[in-house]
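> Please see the structure below; I have some questions.
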Amino acid sequence: MTLGTQIAWDDTVLPFQLDLSDIRGRVARLDGVLDNVLRQHSYPPVIEALVAEAAVLTALIGQSVKLRWKLSLQIRGNGPARLIATDYYGPSEDGEPARIRAWASYDADRLDHAATPFSQIGEGYFAIMIDQGQDMQPYQGLTPISGNSLADCAQTYFAQSEQIPTRFSLTYGKSQRPGEAAHWRAGGVMLQHMPSMGGVAAGEGSGEGGLLDHTDILAGAEAENWNRANMLLDTVEELEMIGPTVAPTDLLVRLFHEEGPRVYDATPVKFGCSCSEDKVRQAMSIYSAKDIKTMTTDEGLVTADCQFCGAHYEMDPTTLGIEAEKAKGNAG
C-alpha cells in the first residue's frame with residue numbers, strides 16, 4: 001500500500017454490508033485522532049489502553065448516528081479506573097469529518113500497573129447515550145460491566161439492551177515504523193446483524209450472570225449466517241486491522257469475499273472538543289453569588305479546565321451565577 005493510500009485510510013470509518021448474510025459492519029482506523037486524544041493527558045499505560053479501546057469502540061458505534069447528533073460512551077466502575085468517557089459528534093454536514101474526544105478518571109494509588117487494563121475497572125456499568133439535539137429527549141441505555149474487555153461489554157450492551165447481535169474485533173497500541181517516532185494507532189471491525197424478529201427474552205441469556213450474548217438471539221438460517229461471518233472475522237490479524245499496510249477494502253475482500261461485501265462512503269474522523277467559555281458560563285448560571293465566591297481564587301478569578309482537551313478558562317466572578325443572569329436579563 002502506498003503512503004498516499006495509507007494517509008487516505010487513516011482516521012476513517014468505513015461502513016459495509018454483507019449482502020449474502022444480512023449483516024452490516026464497519027472498519028475503523030485511528031491514527032492522529034488517537035494520538036491527539038491521549039496527548040492531552042499523561043496517563044499511565046494501563047489507562048492509555050482503556051482510553052484507546054474506548055475511542056475505537058466509539059468510532060465504530062458512533063458512525064451510525066445522524067448529522068449533528070452526539071453519541072457518548074461512559075464506563076464507570078468501583079476499581080482504580082473509575083471512569084472512561086468518550087464523545088462522538090456526527091458531522092455537521094455531509095462529507096465533513098466526525099469528531100471524537102475521550103477522557104479517563106482514575107485513582108493512581110490503587111492502580112495495578114502489571115494487571116490487565118480491563119481488570120482495573122471492577123464492577124460497574126457500561127452506558128451508551130445519544131443526544132439528538134435541542135428539544136429532543138436524550139436516549140440512554142446501560143448494562144453491567146461483563147466479560148474480559150470493553151468490546152465484550154459493548155457486545156453485551158447490544159444483545160441485552162437492543163437485542164441486536166453485534167461483534168467487535170479490536171486492536172490498539174503504539175506503532176513505530178523505521179525512522180519514525182512511536183505513536184498510537186488503533187483499528188477494529190464491527191459486525192451487526194440486521195434487526196430481526198425472534199430470539200430469546202431478556203434474562204435467558206448464556207452470558208455472564210444470565211445476560212444475553214450475541215449468539216443467543218438468532219435461530220435457523222440467520223444463526224448459520226451469523227456464525228459463519230463470526231468465524232471469518234476470527235481469522236483477522238492485528239496488523240490487518242491496525243494498518244497501515246492493508247487497506248480496509250482489501251481486508252474486507254480477504255475476510256468476506258464469499259459473503260458479497262459492499263462498501264459505502266467512508267466517514268473521516270478527527271479529534272475535536274465542544275467546550276467553550278459560553279458553555280462554562282451556562283454551567284455556572286445555576287450557582288448563587290455565595291457559591292461563586294467559594295469558587296473564586298485568591299487572584300479574584302473563577303477558573304475551569306476541560307477534562308477532554310485541557311482548555312483553561314478564567315472568568316470574572318461578577319459575571320457568573322444566577323444574579324449575573326438576572327442582571328443580563330433585566331438589561332435586555
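Scheme for the C-alpha cells: letters A, B, ... for chains in order shown; per-chain residue numbers from 1; ligand numbers from 1 in order shown.
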Which residues, written as a PyMOL selection string, have at least one atom at most 9 Å from A:Arg281, with only C-alpha atoms counted and residues fewer than 6 positions away on the same chain left out?
chain A and resi 315+319-321
> Any idea what's packed within 8 Å of stretch 259-275 of chain A, counting only C-alpha atoms, ignoring anything in its chain fewer than 6 positions away? Could you give it as a PDB file with all heavy atoms, in the first residue's frame?

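The result, written out as around.pdb:
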ATOM      1  N   ASP A  11      -7.610   7.457  10.151  1.00  0.00           N
ATOM      2  CA  ASP A  11      -8.658   8.272  10.769  1.00  0.00           C
ATOM      3  C   ASP A  11      -9.937   8.277   9.932  1.00  0.00           C
ATOM      4  O   ASP A  11     -10.486   9.324   9.588  1.00  0.00           O
ATOM      5  CB  ASP A  11      -8.163   9.704  11.013  1.00  0.00           C
ATOM      6  CG  ASP A  11      -6.996   9.743  11.986  1.00  0.00           C
ATOM      7  OD1 ASP A  11      -6.973   8.921  12.923  1.00  0.00           O
ATOM      8  OD2 ASP A  11      -6.097  10.582  11.810  1.00  0.00           O
ATOM      9  N   THR A  12     -10.398   7.077   9.608  1.00  0.00           N
ATOM     10  CA  THR A  12     -11.651   6.921   8.869  1.00  0.00           C
ATOM     11  C   THR A  12     -12.449   5.756   9.454  1.00  0.00           C
ATOM     12  O   THR A  12     -11.907   4.868  10.118  1.00  0.00           O
ATOM     13  CB  THR A  12     -11.427   6.624   7.371  1.00  0.00           C
ATOM     14  OG1 THR A  12     -10.695   5.400   7.234  1.00  0.00           O
ATOM     15  CG2 THR A  12     -10.682   7.755   6.686  1.00  0.00           C
ATOM     16  N   VAL A  13     -13.755   5.786   9.186  1.00  0.00           N
ATOM     17  CA  VAL A  13     -14.635   4.655   9.488  1.00  0.00           C
ATOM     18  C   VAL A  13     -15.350   4.286   8.198  1.00  0.00           C
ATOM     19  O   VAL A  13     -16.024   5.130   7.585  1.00  0.00           O
ATOM     20  CB  VAL A  13     -15.663   4.995  10.580  1.00  0.00           C
ATOM     21  CG1 VAL A  13     -16.522   3.765  10.894  1.00  0.00           C
ATOM     22  CG2 VAL A  13     -14.977   5.492  11.840  1.00  0.00           C
ATOM     23  N   LEU A  14     -15.170   3.042   7.768  1.00  0.00           N
ATOM     24  CA  LEU A  14     -15.734   2.573   6.502  1.00  0.00           C
ATOM     25  C   LEU A  14     -16.922   1.649   6.767  1.00  0.00           C
ATOM     26  O   LEU A  14     -16.750   0.548   7.296  1.00  0.00           O
ATOM     27  CB  LEU A  14     -14.672   1.815   5.692  1.00  0.00           C
ATOM     28  CG  LEU A  14     -15.154   1.177   4.389  1.00  0.00           C
ATOM     29  CD1 LEU A  14     -15.474   2.266   3.355  1.00  0.00           C
ATOM     30  CD2 LEU A  14     -14.103   0.208   3.837  1.00  0.00           C
ATOM     31  N   PRO A  15     -18.145   2.064   6.421  1.00  0.00           N
ATOM     32  CA  PRO A  15     -19.294   1.171   6.585  1.00  0.00           C
ATOM     33  C   PRO A  15     -19.386   0.186   5.411  1.00  0.00           C
ATOM     34  O   PRO A  15     -19.013   0.510   4.278  1.00  0.00           O
ATOM     35  CB  PRO A  15     -20.487   2.130   6.599  1.00  0.00           C
ATOM     36  CG  PRO A  15     -20.027   3.360   5.912  1.00  0.00           C
ATOM     37  CD  PRO A  15     -18.524   3.415   5.990  1.00  0.00           C
ATOM     38  N   PHE A  16     -19.889  -1.008   5.727  1.00  0.00           N
ATOM     39  CA  PHE A  16     -20.041  -2.022   4.681  1.00  0.00           C
ATOM     40  C   PHE A  16     -21.242  -2.900   4.995  1.00  0.00           C
ATOM     41  O   PHE A  16     -21.812  -2.861   6.090  1.00  0.00           O
ATOM     42  CB  PHE A  16     -18.764  -2.870   4.543  1.00  0.00           C
ATOM     43  CG  PHE A  16     -18.452  -3.732   5.741  1.00  0.00           C
ATOM     44  CD1 PHE A  16     -18.948  -5.028   5.846  1.00  0.00           C
ATOM     45  CD2 PHE A  16     -17.658  -3.248   6.770  1.00  0.00           C
ATOM     46  CE1 PHE A  16     -18.655  -5.830   6.951  1.00  0.00           C
ATOM     47  CE2 PHE A  16     -17.353  -4.038   7.880  1.00  0.00           C
ATOM     48  CZ  PHE A  16     -17.859  -5.327   7.967  1.00  0.00           C
ATOM     49  N   GLN A  17     -21.609  -3.713   4.017  1.00  0.00           N
ATOM     50  CA  GLN A  17     -22.700  -4.663   4.179  1.00  0.00           C
ATOM     51  C   GLN A  17     -22.307  -5.975   3.534  1.00  0.00           C
ATOM     52  O   GLN A  17     -21.648  -5.996   2.490  1.00  0.00           O
ATOM     53  CB  GLN A  17     -23.981  -4.117   3.538  1.00  0.00           C
ATOM     54  CG  GLN A  17     -25.195  -4.996   3.720  1.00  0.00           C
ATOM     55  CD  GLN A  17     -26.476  -4.291   3.297  1.00  0.00           C
ATOM     56  OE1 GLN A  17     -26.700  -3.138   3.648  1.00  0.00           O
ATOM     57  NE2 GLN A  17     -27.315  -4.984   2.539  1.00  0.00           N
ATOM     58  N   LEU A  18     -22.700  -7.083   4.159  1.00  0.00           N
ATOM     59  CA  LEU A  18     -22.511  -8.408   3.581  1.00  0.00           C
ATOM     60  C   LEU A  18     -23.859  -8.846   3.016  1.00  0.00           C
ATOM     61  O   LEU A  18     -24.746  -9.290   3.747  1.00  0.00           O
ATOM     62  CB  LEU A  18     -22.006  -9.396   4.639  1.00  0.00           C
ATOM     63  CG  LEU A  18     -20.729  -8.994   5.377  1.00  0.00           C
ATOM     64  CD1 LEU A  18     -20.325 -10.063   6.387  1.00  0.00           C
ATOM     65  CD2 LEU A  18     -19.591  -8.719   4.399  1.00  0.00           C
ATOM     66  N   ASP A  19     -24.025  -8.714   1.720  1.00  0.00           N
ATOM     67  CA  ASP A  19     -25.334  -8.892   1.100  1.00  0.00           C
ATOM     68  C   ASP A  19     -25.880 -10.308   1.250  1.00  0.00           C
ATOM     69  O   ASP A  19     -27.095 -10.496   1.332  1.00  0.00           O
ATOM     70  CB  ASP A  19     -25.264  -8.534  -0.388  1.00  0.00           C
ATOM     71  CG  ASP A  19     -25.148  -7.030  -0.617  1.00  0.00           C
ATOM     72  OD1 ASP A  19     -25.506  -6.272   0.308  1.00  0.00           O
ATOM     73  OD2 ASP A  19     -24.714  -6.624  -1.707  1.00  0.00           O
ATOM     74  N   LEU A  20     -25.015 -11.315   1.281  1.00  0.00           N
ATOM     75  CA  LEU A  20     -25.480 -12.690   1.355  1.00  0.00           C
ATOM     76  C   LEU A  20     -25.772 -13.141   2.774  1.00  0.00           C
ATOM     77  O   LEU A  20     -26.291 -14.239   2.975  1.00  0.00           O
ATOM     78  CB  LEU A  20     -24.451 -13.634   0.709  1.00  0.00           C
ATOM     79  CG  LEU A  20     -24.117 -13.360  -0.756  1.00  0.00           C
ATOM     80  CD1 LEU A  20     -23.160 -14.410  -1.298  1.00  0.00           C
ATOM     81  CD2 LEU A  20     -25.392 -13.320  -1.598  1.00  0.00           C
ATOM     82  N   SER A  21     -25.430 -12.314   3.769  1.00  0.00           N
ATOM     83  CA  SER A  21     -25.598 -12.718   5.167  1.00  0.00           C
ATOM     84  C   SER A  21     -26.527 -11.808   5.948  1.00  0.00           C
ATOM     85  O   SER A  21     -26.775 -12.057   7.128  1.00  0.00           O
ATOM     86  CB  SER A  21     -24.232 -12.743   5.872  1.00  0.00           C
ATOM     87  OG  SER A  21     -23.318 -13.556   5.181  1.00  0.00           O
ATOM     88  N   GLY A  32      -3.915   9.728  13.897  1.00  0.00           N
ATOM     89  CA  GLY A  32      -3.736  11.030  14.530  1.00  0.00           C
ATOM     90  C   GLY A  32      -4.797  11.330  15.569  1.00  0.00           C
ATOM     91  O   GLY A  32      -4.533  12.002  16.571  1.00  0.00           O
ATOM     92  N   VAL A  33      -6.029  10.843  15.343  1.00  0.00           N
ATOM     93  CA  VAL A  33      -7.103  11.062  16.310  1.00  0.00           C
ATOM     94  C   VAL A  33      -6.706  10.522  17.680  1.00  0.00           C
ATOM     95  O   VAL A  33      -6.828  11.199  18.705  1.00  0.00           O
ATOM     96  CB  VAL A  33      -8.410  10.385  15.847  1.00  0.00           C
ATOM     97  CG1 VAL A  33      -9.451  10.414  16.965  1.00  0.00           C
ATOM     98  CG2 VAL A  33      -8.954  11.061  14.610  1.00  0.00           C
ATOM     99  N   LEU A  34      -6.242   9.287  17.702  1.00  0.00           N
ATOM    100  CA  LEU A  34      -5.899   8.646  18.971  1.00  0.00           C
ATOM    101  C   LEU A  34      -4.702   9.323  19.621  1.00  0.00           C
ATOM    102  O   LEU A  34      -4.670   9.515  20.847  1.00  0.00           O
ATOM    103  CB  LEU A  34      -5.613   7.163  18.734  1.00  0.00           C
ATOM    104  CG  LEU A  34      -5.567   6.273  19.963  1.00  0.00           C
ATOM    105  CD1 LEU A  34      -6.815   6.417  20.804  1.00  0.00           C
ATOM    106  CD2 LEU A  34      -5.377   4.823  19.539  1.00  0.00           C
ATOM    107  N   ASN A  36      -3.935  12.453  19.353  1.00  0.00           N
ATOM    108  CA  ASN A  36      -4.414  13.726  19.901  1.00  0.00           C
ATOM    109  C   ASN A  36      -5.235  13.528  21.166  1.00  0.00           C
ATOM    110  O   ASN A  36      -5.151  14.332  22.099  1.00  0.00           O
ATOM    111  CB  ASN A  36      -5.252  14.463  18.853  1.00  0.00           C
ATOM    112  CG  ASN A  36      -4.397  15.170  17.815  1.00  0.00           C
ATOM    113  OD1 ASN A  36      -3.333  15.683  18.130  1.00  0.00           O
ATOM    114  ND2 ASN A  36      -4.857  15.193  16.579  1.00  0.00           N
ATOM    115  N   VAL A  37      -6.029  12.468  21.209  1.00  0.00           N
ATOM    116  CA  VAL A  37      -6.807  12.171  22.417  1.00  0.00           C
ATOM    117  C   VAL A  37      -5.890  11.924  23.597  1.00  0.00           C
ATOM    118  O   VAL A  37      -6.079  12.462  24.700  1.00  0.00           O
ATOM    119  CB  VAL A  37      -7.726  10.955  22.179  1.00  0.00           C
ATOM    120  CG1 VAL A  37      -8.230  10.392  23.506  1.00  0.00           C
ATOM    121  CG2 VAL A  37      -8.908  11.333  21.288  1.00  0.00           C
ATOM    122  N   ALA A  59     -15.723   5.179  17.770  1.00  0.00           N
ATOM    123  CA  ALA A  59     -15.696   5.449  16.331  1.00  0.00           C
ATOM    124  C   ALA A  59     -16.580   4.458  15.580  1.00  0.00           C
ATOM    125  O   ALA A  59     -17.326   4.843  14.669  1.00  0.00           O
ATOM    126  CB  ALA A  59     -14.268   5.388  15.815  1.00  0.00           C
ATOM    127  N   GLN A  63     -20.516   5.926  14.230  1.00  0.00           N
ATOM    128  CA  GLN A  63     -20.696   6.194  12.803  1.00  0.00           C
ATOM    129  C   GLN A  63     -22.156   6.049  12.378  1.00  0.00           C
ATOM    130  O   GLN A  63     -22.561   6.596  11.347  1.00  0.00           O
ATOM    131  CB  GLN A  63     -19.800   5.258  11.991  1.00  0.00           C
ATOM    132  CG  GLN A  63     -19.517   5.705  10.572  1.00  0.00           C
ATOM    133  CD  GLN A  63     -20.579   5.236   9.589  1.00  0.00           C
ATOM    134  OE1 GLN A  63     -21.324   4.303   9.870  1.00  0.00           O
ATOM    135  NE2 GLN A  63     -20.646   5.885   8.441  1.00  0.00           N
ATOM    136  N   GLY A  95     -20.080  14.837   4.211  1.00  0.00           N
ATOM    137  CA  GLY A  95     -18.716  14.967   3.725  1.00  0.00           C
ATOM    138  C   GLY A  95     -17.745  15.550   4.721  1.00  0.00           C
ATOM    139  O   GLY A  95     -16.535  15.466   4.531  1.00  0.00           O
ATOM    140  N   GLU A  96     -18.255  16.194   5.782  1.00  0.00           N
ATOM    141  CA  GLU A  96     -17.378  16.743   6.803  1.00  0.00           C
ATOM    142  C   GLU A  96     -16.989  15.652   7.797  1.00  0.00           C
ATOM    143  O   GLU A  96     -17.671  14.632   7.932  1.00  0.00           O
ATOM    144  CB  GLU A  96     -18.069  17.903   7.519  1.00  0.00           C
ATOM    145  CG  GLU A  96     -18.267  19.122   6.647  1.00  0.00           C
ATOM    146  CD  GLU A  96     -18.768  20.315   7.437  1.00  0.00           C
ATOM    147  OE1 GLU A  96     -18.936  20.186   8.670  1.00  0.00           O
ATOM    148  OE2 GLU A  96     -18.982  21.378   6.830  1.00  0.00           O
ATOM    149  N   PRO A  97     -15.871  15.841   8.520  1.00  0.00           N
ATOM    150  CA  PRO A  97     -15.449  14.807   9.465  1.00  0.00           C
ATOM    151  C   PRO A  97     -16.297  14.781  10.729  1.00  0.00           C
ATOM    152  O   PRO A  97     -16.848  15.805  11.146  1.00  0.00           O
ATOM    153  CB  PRO A  97     -13.998  15.200   9.786  1.00  0.00           C
ATOM    154  CG  PRO A  97     -13.946  16.678   9.543  1.00  0.00           C
ATOM    155  CD  PRO A  97     -14.894  16.937   8.414  1.00  0.00           C
ATOM    156  N   ALA A  98     -16.411  13.604  11.310  1.00  0.00           N
ATOM    157  CA  ALA A  98     -16.943  13.483  12.661  1.00  0.00           C
ATOM    158  C   ALA A  98     -15.825  13.845  13.637  1.00  0.00           C
ATOM    159  O   ALA A  98     -14.645  13.907  13.263  1.00  0.00           O
ATOM    160  CB  ALA A  98     -17.423  12.059  12.909  1.00  0.00           C
ATOM    161  N   ARG A  99     -16.195  14.087  14.914  1.00  0.00           N
ATOM    162  CA  ARG A  99     -15.201  14.438  15.925  1.00  0.00           C
ATOM    163  C   ARG A  99     -15.289  13.474  17.108  1.00  0.00           C
ATOM    164  O   ARG A  99     -16.382  13.067  17.490  1.00  0.00           O
ATOM    165  CB  ARG A  99     -15.407  15.875  16.408  1.00  0.00           C
ATOM    166  CG  ARG A  99     -15.140  16.941  15.362  1.00  0.00           C
ATOM    167  CD  ARG A  99     -15.498  18.330  15.890  1.00  0.00           C
ATOM    168  NE  ARG A  99     -16.937  18.479  16.077  1.00  0.00           N
ATOM    169  CZ  ARG A  99     -17.505  19.105  17.102  1.00  0.00           C
ATOM    170  NH1 ARG A  99     -16.751  19.631  18.066  1.00  0.00           N
ATOM    171  NH2 ARG A  99     -18.808  19.211  17.196  1.00  0.00           N
ATOM    172  N   ILE A 100     -14.144  13.144  17.665  1.00  0.00           N
ATOM    173  CA  ILE A 100     -14.071  12.241  18.813  1.00  0.00           C
ATOM    174  C   ILE A 100     -13.235  12.895  19.907  1.00  0.00           C
ATOM    175  O   ILE A 100     -12.219  13.553  19.626  1.00  0.00           O
ATOM    176  CB  ILE A 100     -13.435  10.893  18.425  1.00  0.00           C
ATOM    177  CG1 ILE A 100     -14.368  10.111  17.499  1.00  0.00           C
ATOM    178  CG2 ILE A 100     -13.136  10.055  19.660  1.00  0.00           C
ATOM    179  CD1 ILE A 100     -13.770   8.787  17.041  1.00  0.00           C
ATOM    180  N   ARG A 101     -13.663  12.719  21.142  1.00  0.00           N
ATOM    181  CA  ARG A 101     -12.848  13.111  22.285  1.00  0.00           C
ATOM    182  C   ARG A 101     -13.029  12.043  23.358  1.00  0.00           C
ATOM    183  O   ARG A 101     -14.024  11.304  23.363  1.00  0.00           O
ATOM    184  CB  ARG A 101     -13.250  14.493  22.814  1.00  0.00           C
ATOM    185  CG  ARG A 101     -14.656  14.580  23.368  1.00  0.00           C
ATOM    186  CD  ARG A 101     -14.974  15.969  23.888  1.00  0.00           C
ATOM    187  NE  ARG A 101     -16.251  15.996  24.620  1.00  0.00           N
ATOM    188  CZ  ARG A 101     -16.691  17.050  25.292  1.00  0.00           C
ATOM    189  NH1 ARG A 101     -15.977  18.173  25.327  1.00  0.00           N
ATOM    190  NH2 ARG A 101     -17.848  16.990  25.948  1.00  0.00           N
ATOM    191  N   THR A 249     -10.600  -1.863   2.500  1.00  0.00           N
ATOM    192  CA  THR A 249     -11.313  -2.545   1.415  1.00  0.00           C
ATOM    193  C   THR A 249     -10.674  -3.890   1.109  1.00  0.00           C
ATOM    194  O   THR A 249     -11.370  -4.896   0.876  1.00  0.00           O
ATOM    195  CB  THR A 249     -11.325  -1.669   0.164  1.00  0.00           C
ATOM    196  OG1 THR A 249     -10.003  -1.161  -0.076  1.00  0.00           O
ATOM    197  CG2 THR A 249     -12.276  -0.487   0.323  1.00  0.00           C
ATOM    198  N   LEU A 252     -11.641  -6.369   3.843  1.00  0.00           N
ATOM    199  CA  LEU A 252     -12.987  -6.909   3.696  1.00  0.00           C
ATOM    200  C   LEU A 252     -13.055  -7.988   2.626  1.00  0.00           C
ATOM    201  O   LEU A 252     -13.743  -8.999   2.792  1.00  0.00           O
ATOM    202  CB  LEU A 252     -13.969  -5.773   3.362  1.00  0.00           C
ATOM    203  CG  LEU A 252     -14.220  -4.769   4.484  1.00  0.00           C
ATOM    204  CD1 LEU A 252     -15.114  -3.632   3.988  1.00  0.00           C
ATOM    205  CD2 LEU A 252     -14.851  -5.447   5.690  1.00  0.00           C
ATOM    206  N   VAL A 253     -12.346  -7.793   1.532  1.00  0.00           N
ATOM    207  CA  VAL A 253     -12.310  -8.808   0.477  1.00  0.00           C
ATOM    208  C   VAL A 253     -11.643 -10.068   0.995  1.00  0.00           C
ATOM    209  O   VAL A 253     -12.119 -11.186   0.751  1.00  0.00           O
ATOM    210  CB  VAL A 253     -11.580  -8.273  -0.775  1.00  0.00           C
ATOM    211  CG1 VAL A 253     -11.339  -9.405  -1.771  1.00  0.00           C
ATOM    212  CG2 VAL A 253     -12.391  -7.155  -1.427  1.00  0.00           C
ATOM    213  N   CYS A 306     -11.112  22.068  30.955  1.00  0.00           N
ATOM    214  CA  CYS A 306     -11.800  20.998  30.243  1.00  0.00           C
ATOM    215  C   CYS A 306     -11.014  19.699  30.418  1.00  0.00           C
ATOM    216  O   CYS A 306      -9.825  19.630  30.102  1.00  0.00           O
ATOM    217  CB  CYS A 306     -11.925  21.329  28.757  1.00  0.00           C
ATOM    218  SG  CYS A 306     -12.700  20.003  27.801  1.00  0.00           S
ATOM    219  N   PHE A 308     -11.385  17.023  28.756  1.00  0.00           N
ATOM    220  CA  PHE A 308     -11.157  16.357  27.474  1.00  0.00           C
ATOM    221  C   PHE A 308      -9.973  16.931  26.710  1.00  0.00           C
ATOM    222  O   PHE A 308      -9.147  16.189  26.184  1.00  0.00           O
ATOM    223  CB  PHE A 308     -12.420  16.435  26.604  1.00  0.00           C
ATOM    224  CG  PHE A 308     -13.531  15.544  27.048  1.00  0.00           C
ATOM    225  CD1 PHE A 308     -14.547  16.044  27.845  1.00  0.00           C
ATOM    226  CD2 PHE A 308     -13.569  14.209  26.679  1.00  0.00           C
ATOM    227  CE1 PHE A 308     -15.587  15.223  28.255  1.00  0.00           C
ATOM    228  CE2 PHE A 308     -14.605  13.383  27.087  1.00  0.00           C
ATOM    229  CZ  PHE A 308     -15.613  13.887  27.889  1.00  0.00           C
ATOM    230  N   CYS A 309      -9.908  18.265  26.615  1.00  0.00           N
ATOM    231  CA  CYS A 309      -8.877  18.874  25.766  1.00  0.00           C
ATOM    232  C   CYS A 309      -7.876  19.726  26.522  1.00  0.00           C
ATOM    233  O   CYS A 309      -6.912  20.217  25.940  1.00  0.00           O
ATOM    234  CB  CYS A 309      -9.520  19.708  24.662  1.00  0.00           C
ATOM    235  SG  CYS A 309     -10.279  21.251  25.239  1.00  0.00           S
ATOM    236  N   ALA A 311      -8.341  22.703  27.810  1.00  0.00           N
ATOM    237  CA  ALA A 311      -8.547  24.152  27.696  1.00  0.00           C
ATOM    238  C   ALA A 311      -8.763  24.753  29.085  1.00  0.00           C
ATOM    239  O   ALA A 311      -9.429  24.174  29.937  1.00  0.00           O
ATOM    240  CB  ALA A 311      -9.735  24.449  26.802  1.00  0.00           C
TER     241      ALA A 311
END
> I want to know what sits within 6 Å of stretch 78-83 of chain A, based on only C-alpha atoms, with residues of the same chain fewer than 6 positions away left out; could you give that as a PyMOL selection string?
chain A and resi 104-107+110-111+120-123
> How would the residues just chosen look if you wrote them out with C-alpha atoms as a compact mmCIF listing (two decimals), in the first residue's frame?

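The file below, again-v2.txt, is the result:
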# COMPACT_ATOMS: atom_id res chain seq x y z
CA ALA A 104 -10.48 9.00 31.98
CA SER A 105 -10.55 9.44 35.74
CA TYR A 106 -8.52 7.05 37.88
CA ASP A 107 -7.06 6.51 41.34
CA ARG A 110 -4.79 1.93 43.55
CA LEU A 111 -3.68 1.11 40.00
CA GLN A 120 -8.84 -2.15 36.75
CA ILE A 121 -12.47 -1.14 36.16
CA GLY A 122 -14.04 -3.53 38.65
CA GLU A 123 -17.81 -3.75 38.98
> Among stretch 13-221 of chain A, which ones does DSSP place in alpha helix (DSSP H), written as a PyMOL selection string?
chain A and resi 32-39+45-62+150-157+220-221
